[in-house]
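To start, the structure itself, in structure tokens.
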Amino acid sequence: MQQILFYILALLAIAFSIATITSRNAMYSVLSLVATFFALAGFYLMLNAEFVAFVHIIVYAGAIMVLFLFVVMMLNLNQSPVNIPRPLLARLAAVVAGGIFGLTLVAALSQTILPTSAESTALAEVGSVRTLGKMLFNEFLLPFELTSVLFIATMVGVVVLTKKEE
Amino acid sequence: MAQIFNIVPLEHFIILSLILFSIGVIGVLLRRNMIVVFMSIELMLNAVNLMAVSFSAHKGDSAGQVFVFFVMVVAAAEVALGLAILVMIYRNVKSIDINELKQLKW
């Protein structure tokens, strides 16, 4: 059952991510990317990482994709020449380069000896909110606080960048 | 609770995230539209996240999932700033074709 679910979700994720990079209309790209993110959230649920799955949906499908949709709609580039594809040779080169890159990674994986899995009794707690919260506010407290500094800097930067000059 | 890695081996999760990462790389190389290039970068970050979560679940160590949060934070900041730069470029150049942005080339 879970095996079939995994392969269906994997197929969906790959198909929607290919649709993301190939569709002419940027709107369809954004919507395919949302579908890819939902498939990925399914994988996180299968891996017992509920909290990561929910945060992933909220942050990516909720916040980041709305930002993308907003920019796509605001610029309204459907008729613009940016959607004309590159020449055939450049496209072929891109696909071959990316494919060879992927093959290199898979070859590296086949040379790797993966570690054996941990005991299954400890695994149920790994992705729970309790465990992650304790870890986030103990060992990772400093990086967690530093992310707020990063966000402040980003927010100020965005406001300064997009402000219209008088 | 059945162990997922007895049903689907860890290698399949890794190969899936490698495929998604490669699709992201192809998207960056293939497209001229800057928005789609940003989306391909998001795809690559998510492939890395998937791999981190699957290793974390495999080893029974929560640290991997905490790292995923930090990757998400950086991704959100990157998208906000990147799209702001994109809007500004569009205002000045009237195009978001990455081939048009070659003033720094020479």
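By convention here, the chains of the structure tokens are called A, B, ... in the order presented, each chain's residues are numbered starting at 1, and ligands are numbered starting at 1 in the order presented.
Look at Ala75 in chain B: the protein and nucleic acid residues within 9 Å of it, using only C-alpha atoms and passing over chain neighbours fewer than 5 places away, are A:Ile64, B:Glu42, B:Leu45, B:Phe70, B:Ala80.
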message = So that I can see what lies close to Met39 in chain B, please list as a VMD selection string the residues with an atom at most 8 Å from it, counting only C-alpha atoms and leaving out residues fewer than 2 positions away in the same chain.
response = (chain A and resid 20 30 33) or (chain B and resid 35 to 37 41 to 43)
ask   = Which of these, B:Leu29, B:Val93, B:Ala47, B:Ile98, has the shortest distance to chain A once you count only C-alpha atoms?
value = B:Leu29
key: Shell of 7 Å around Val53 in chain B, only C-alpha atoms, local chain residues under 3 positions omitted, as a VMD selection string   = chain B and resid 49 to 50 56 to 57 64 to 65
Exercise: Leu20 in chain B partners within 8 Å, only C-alpha atoms, chain neighbours under 2 positions left out, as a short mmCIF file (atom, residue, chain, number, x, y, z; two decimals) with all heavy atoms, in the first residue's frame:
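Writing the result to around_36.cif gives the following:
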```cif
data_model
loop_
_atom_site.label_atom_id
_atom_site.label_comp_id
_atom_site.auth_asym_id
_atom_site.auth_seq_id
_atom_site.Cartn_x
_atom_site.Cartn_y
_atom_site.Cartn_z
N ILE A 14 7.74 14.18 -10.12
CA ILE A 14 8.62 14.36 -11.28
C ILE A 14 7.86 14.99 -12.43
O ILE A 14 8.33 15.94 -13.08
CB ILE A 14 9.24 13.01 -11.68
CG1 ILE A 14 10.20 12.54 -10.59
CG2 ILE A 14 9.98 13.13 -12.99
CD1 ILE A 14 10.68 11.15 -10.77
N SER A 17 7.22 18.65 -11.69
CA SER A 17 8.41 19.50 -11.73
C SER A 17 8.87 19.70 -13.16
O SER A 17 9.35 20.78 -13.52
CB SER A 17 9.52 18.91 -10.86
OG SER A 17 9.78 17.61 -11.24
N LEU B 16 15.08 9.81 -5.96
CA LEU B 16 14.01 10.77 -6.27
C LEU B 16 14.50 12.20 -6.06
O LEU B 16 14.30 13.07 -6.91
CB LEU B 16 12.79 10.50 -5.40
CG LEU B 16 11.69 11.53 -5.58
CD1 LEU B 16 11.07 11.39 -6.95
CD2 LEU B 16 10.64 11.40 -4.52
N SER B 17 15.19 12.44 -4.93
CA SER B 17 15.62 13.82 -4.71
C SER B 17 16.73 14.20 -5.69
O SER B 17 16.82 15.37 -6.09
CB SER B 17 16.05 14.04 -3.26
OG SER B 17 17.05 13.16 -2.90
N LEU B 18 17.56 13.23 -6.11
CA LEU B 18 18.57 13.54 -7.13
C LEU B 18 17.89 13.93 -8.44
O LEU B 18 18.31 14.87 -9.12
CB LEU B 18 19.50 12.35 -7.36
CG LEU B 18 20.42 11.96 -6.22
CD1 LEU B 18 21.31 10.81 -6.64
CD2 LEU B 18 21.25 13.13 -5.80
N SER B 22 18.20 17.47 -10.36
CA SER B 22 18.67 17.60 -11.74
C SER B 22 17.66 18.36 -12.59
O SER B 22 18.04 19.15 -13.46
CB SER B 22 18.91 16.23 -12.35
OG SER B 22 19.76 15.49 -11.54
N ILE B 23 16.35 18.13 -12.32
CA ILE B 23 15.33 18.88 -13.06
C ILE B 23 15.47 20.36 -12.76
O ILE B 23 15.34 21.22 -13.65
CB ILE B 23 13.92 18.35 -12.72
CG1 ILE B 23 13.74 16.95 -13.30
CG2 ILE B 23 12.86 19.26 -13.28
CD1 ILE B 23 12.47 16.28 -12.86
N GLY B 24 15.78 20.70 -11.49
CA GLY B 24 16.01 22.09 -11.14
C GLY B 24 17.19 22.67 -11.89
O GLY B 24 17.13 23.80 -12.40
N LEU B 43 12.97 24.47 -6.51
CA LEU B 43 12.89 23.02 -6.72
C LEU B 43 14.15 22.33 -6.20
O LEU B 43 14.08 21.30 -5.53
CB LEU B 43 12.72 22.76 -8.22
CG LEU B 43 12.01 21.52 -8.67
CD1 LEU B 43 10.65 21.46 -8.02
CD2 LEU B 43 11.86 21.54 -10.16
N MET B 44 15.31 22.94 -6.45
CA MET B 44 16.57 22.35 -5.98
C MET B 44 16.62 22.35 -4.46
O MET B 44 17.02 21.35 -3.85
CB MET B 44 17.75 23.13 -6.56
CG MET B 44 18.00 22.86 -8.01
SD MET B 44 19.61 23.42 -8.51
CE MET B 44 19.22 25.04 -9.08
N ALA B 47 14.52 19.59 -3.18
CA ALA B 47 15.14 18.27 -3.33
C ALA B 47 16.11 18.01 -2.18
O ALA B 47 16.14 16.92 -1.61
CB ALA B 47 15.86 18.19 -4.68
#
```
Residue hits in chain B, query chain A, radius 6 Å, only C-alpha atoms, as a ChimeraX atom specification = /B:22,25-27,29-30,33,58-60,62,81,84,97
Could you write those residues out with N, CA, C and O atoms, as a tab-separated table (two decimals), in the first residue's frame?
```tsv
chain	number	residue	atom	x	y	z
B	22	SER	N	18.20	17.47	-10.36
B	22	SER	CA	18.67	17.60	-11.74
B	22	SER	C	17.66	18.36	-12.59
B	22	SER	O	18.04	19.15	-13.46
B	25	VAL	N	18.29	21.89	-11.99
B	25	VAL	CA	19.47	22.37	-12.72
B	25	VAL	C	19.12	22.60	-14.18
B	25	VAL	O	19.47	23.64	-14.77
B	26	ILE	N	18.38	21.65	-14.78
B	26	ILE	CA	17.99	21.80	-16.19
B	26	ILE	C	17.13	23.05	-16.35
B	26	ILE	O	17.30	23.81	-17.32
B	27	GLY	N	16.23	23.31	-15.38
B	27	GLY	CA	15.38	24.48	-15.48
B	27	GLY	C	16.19	25.78	-15.45
B	27	GLY	O	15.89	26.70	-16.21
B	29	LEU	N	19.23	26.13	-16.50
B	29	LEU	CA	19.97	26.27	-17.75
B	29	LEU	C	19.05	26.53	-18.93
B	29	LEU	O	19.44	27.16	-19.91
B	30	LEU	N	17.81	26.05	-18.84
B	30	LEU	CA	16.94	25.99	-20.01
B	30	LEU	C	16.20	27.29	-20.26
B	30	LEU	O	16.02	27.69	-21.41
B	33	ASN	N	13.22	33.08	-18.75
B	33	ASN	CA	12.36	33.83	-17.85
B	33	ASN	C	12.92	33.76	-16.43
B	33	ASN	O	13.08	32.69	-15.87
B	58	HIS	N	15.79	8.12	8.62
B	58	HIS	CA	16.53	6.85	8.54
B	58	HIS	C	17.41	6.64	9.75
B	58	HIS	O	17.48	5.56	10.31
B	59	LYS	N	18.08	7.70	10.16
B	59	LYS	CA	19.03	7.58	11.26
B	59	LYS	C	18.35	7.77	12.62
B	59	LYS	O	18.94	7.44	13.64
B	60	GLY	N	17.12	8.31	12.64
B	60	GLY	CA	16.47	8.55	13.91
B	60	GLY	C	17.03	9.74	14.65
B	60	GLY	O	17.05	9.80	15.86
B	62	SER	N	16.78	13.92	14.95
B	62	SER	CA	15.92	15.05	14.57
B	62	SER	C	16.68	16.23	14.00
B	62	SER	O	16.07	17.14	13.45
B	81	LEU	N	13.71	38.60	-1.41
B	81	LEU	CA	14.71	39.54	-1.92
B	81	LEU	C	14.87	39.39	-3.43
B	81	LEU	O	14.96	40.39	-4.16
B	84	ALA	N	12.05	41.00	-5.23
B	84	ALA	CA	12.17	42.46	-5.16
B	84	ALA	C	13.17	42.95	-6.20
B	84	ALA	O	12.91	43.91	-6.93
B	97	ASP	N	14.15	38.94	-19.14
B	97	ASP	CA	14.93	37.96	-19.88
B	97	ASP	C	16.37	38.01	-19.38
B	97	ASP	O	16.99	39.07	-19.38
```
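DSSP on the backbone gives helix (DSSP H, G or I) for these parts of range 79-116 of chain A: Pro81, Val82, Asn83, Leu88, Leu89, Ala90, Arg91, Leu92, Ala93, Ala94, Val95, Val96, Ala97, Gly98, Gly99, Ile100, Phe101, Gly102, Leu103, Thr104, Leu105, Val106, Ala107, Ala108, Leu109 and Ser110 of chain A.
Going from CA of Leu31 in chain A to CA of Ser95 in chain B covers 22.5 Å.
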Interatomic distance (Å, one decimal) between CA of Ala19 in chain A and CA of Ala35 in chain A = 10.2 Å
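CA of Glu78 in chain B lies 23.0 Å from CA of Gln103 in chain B.
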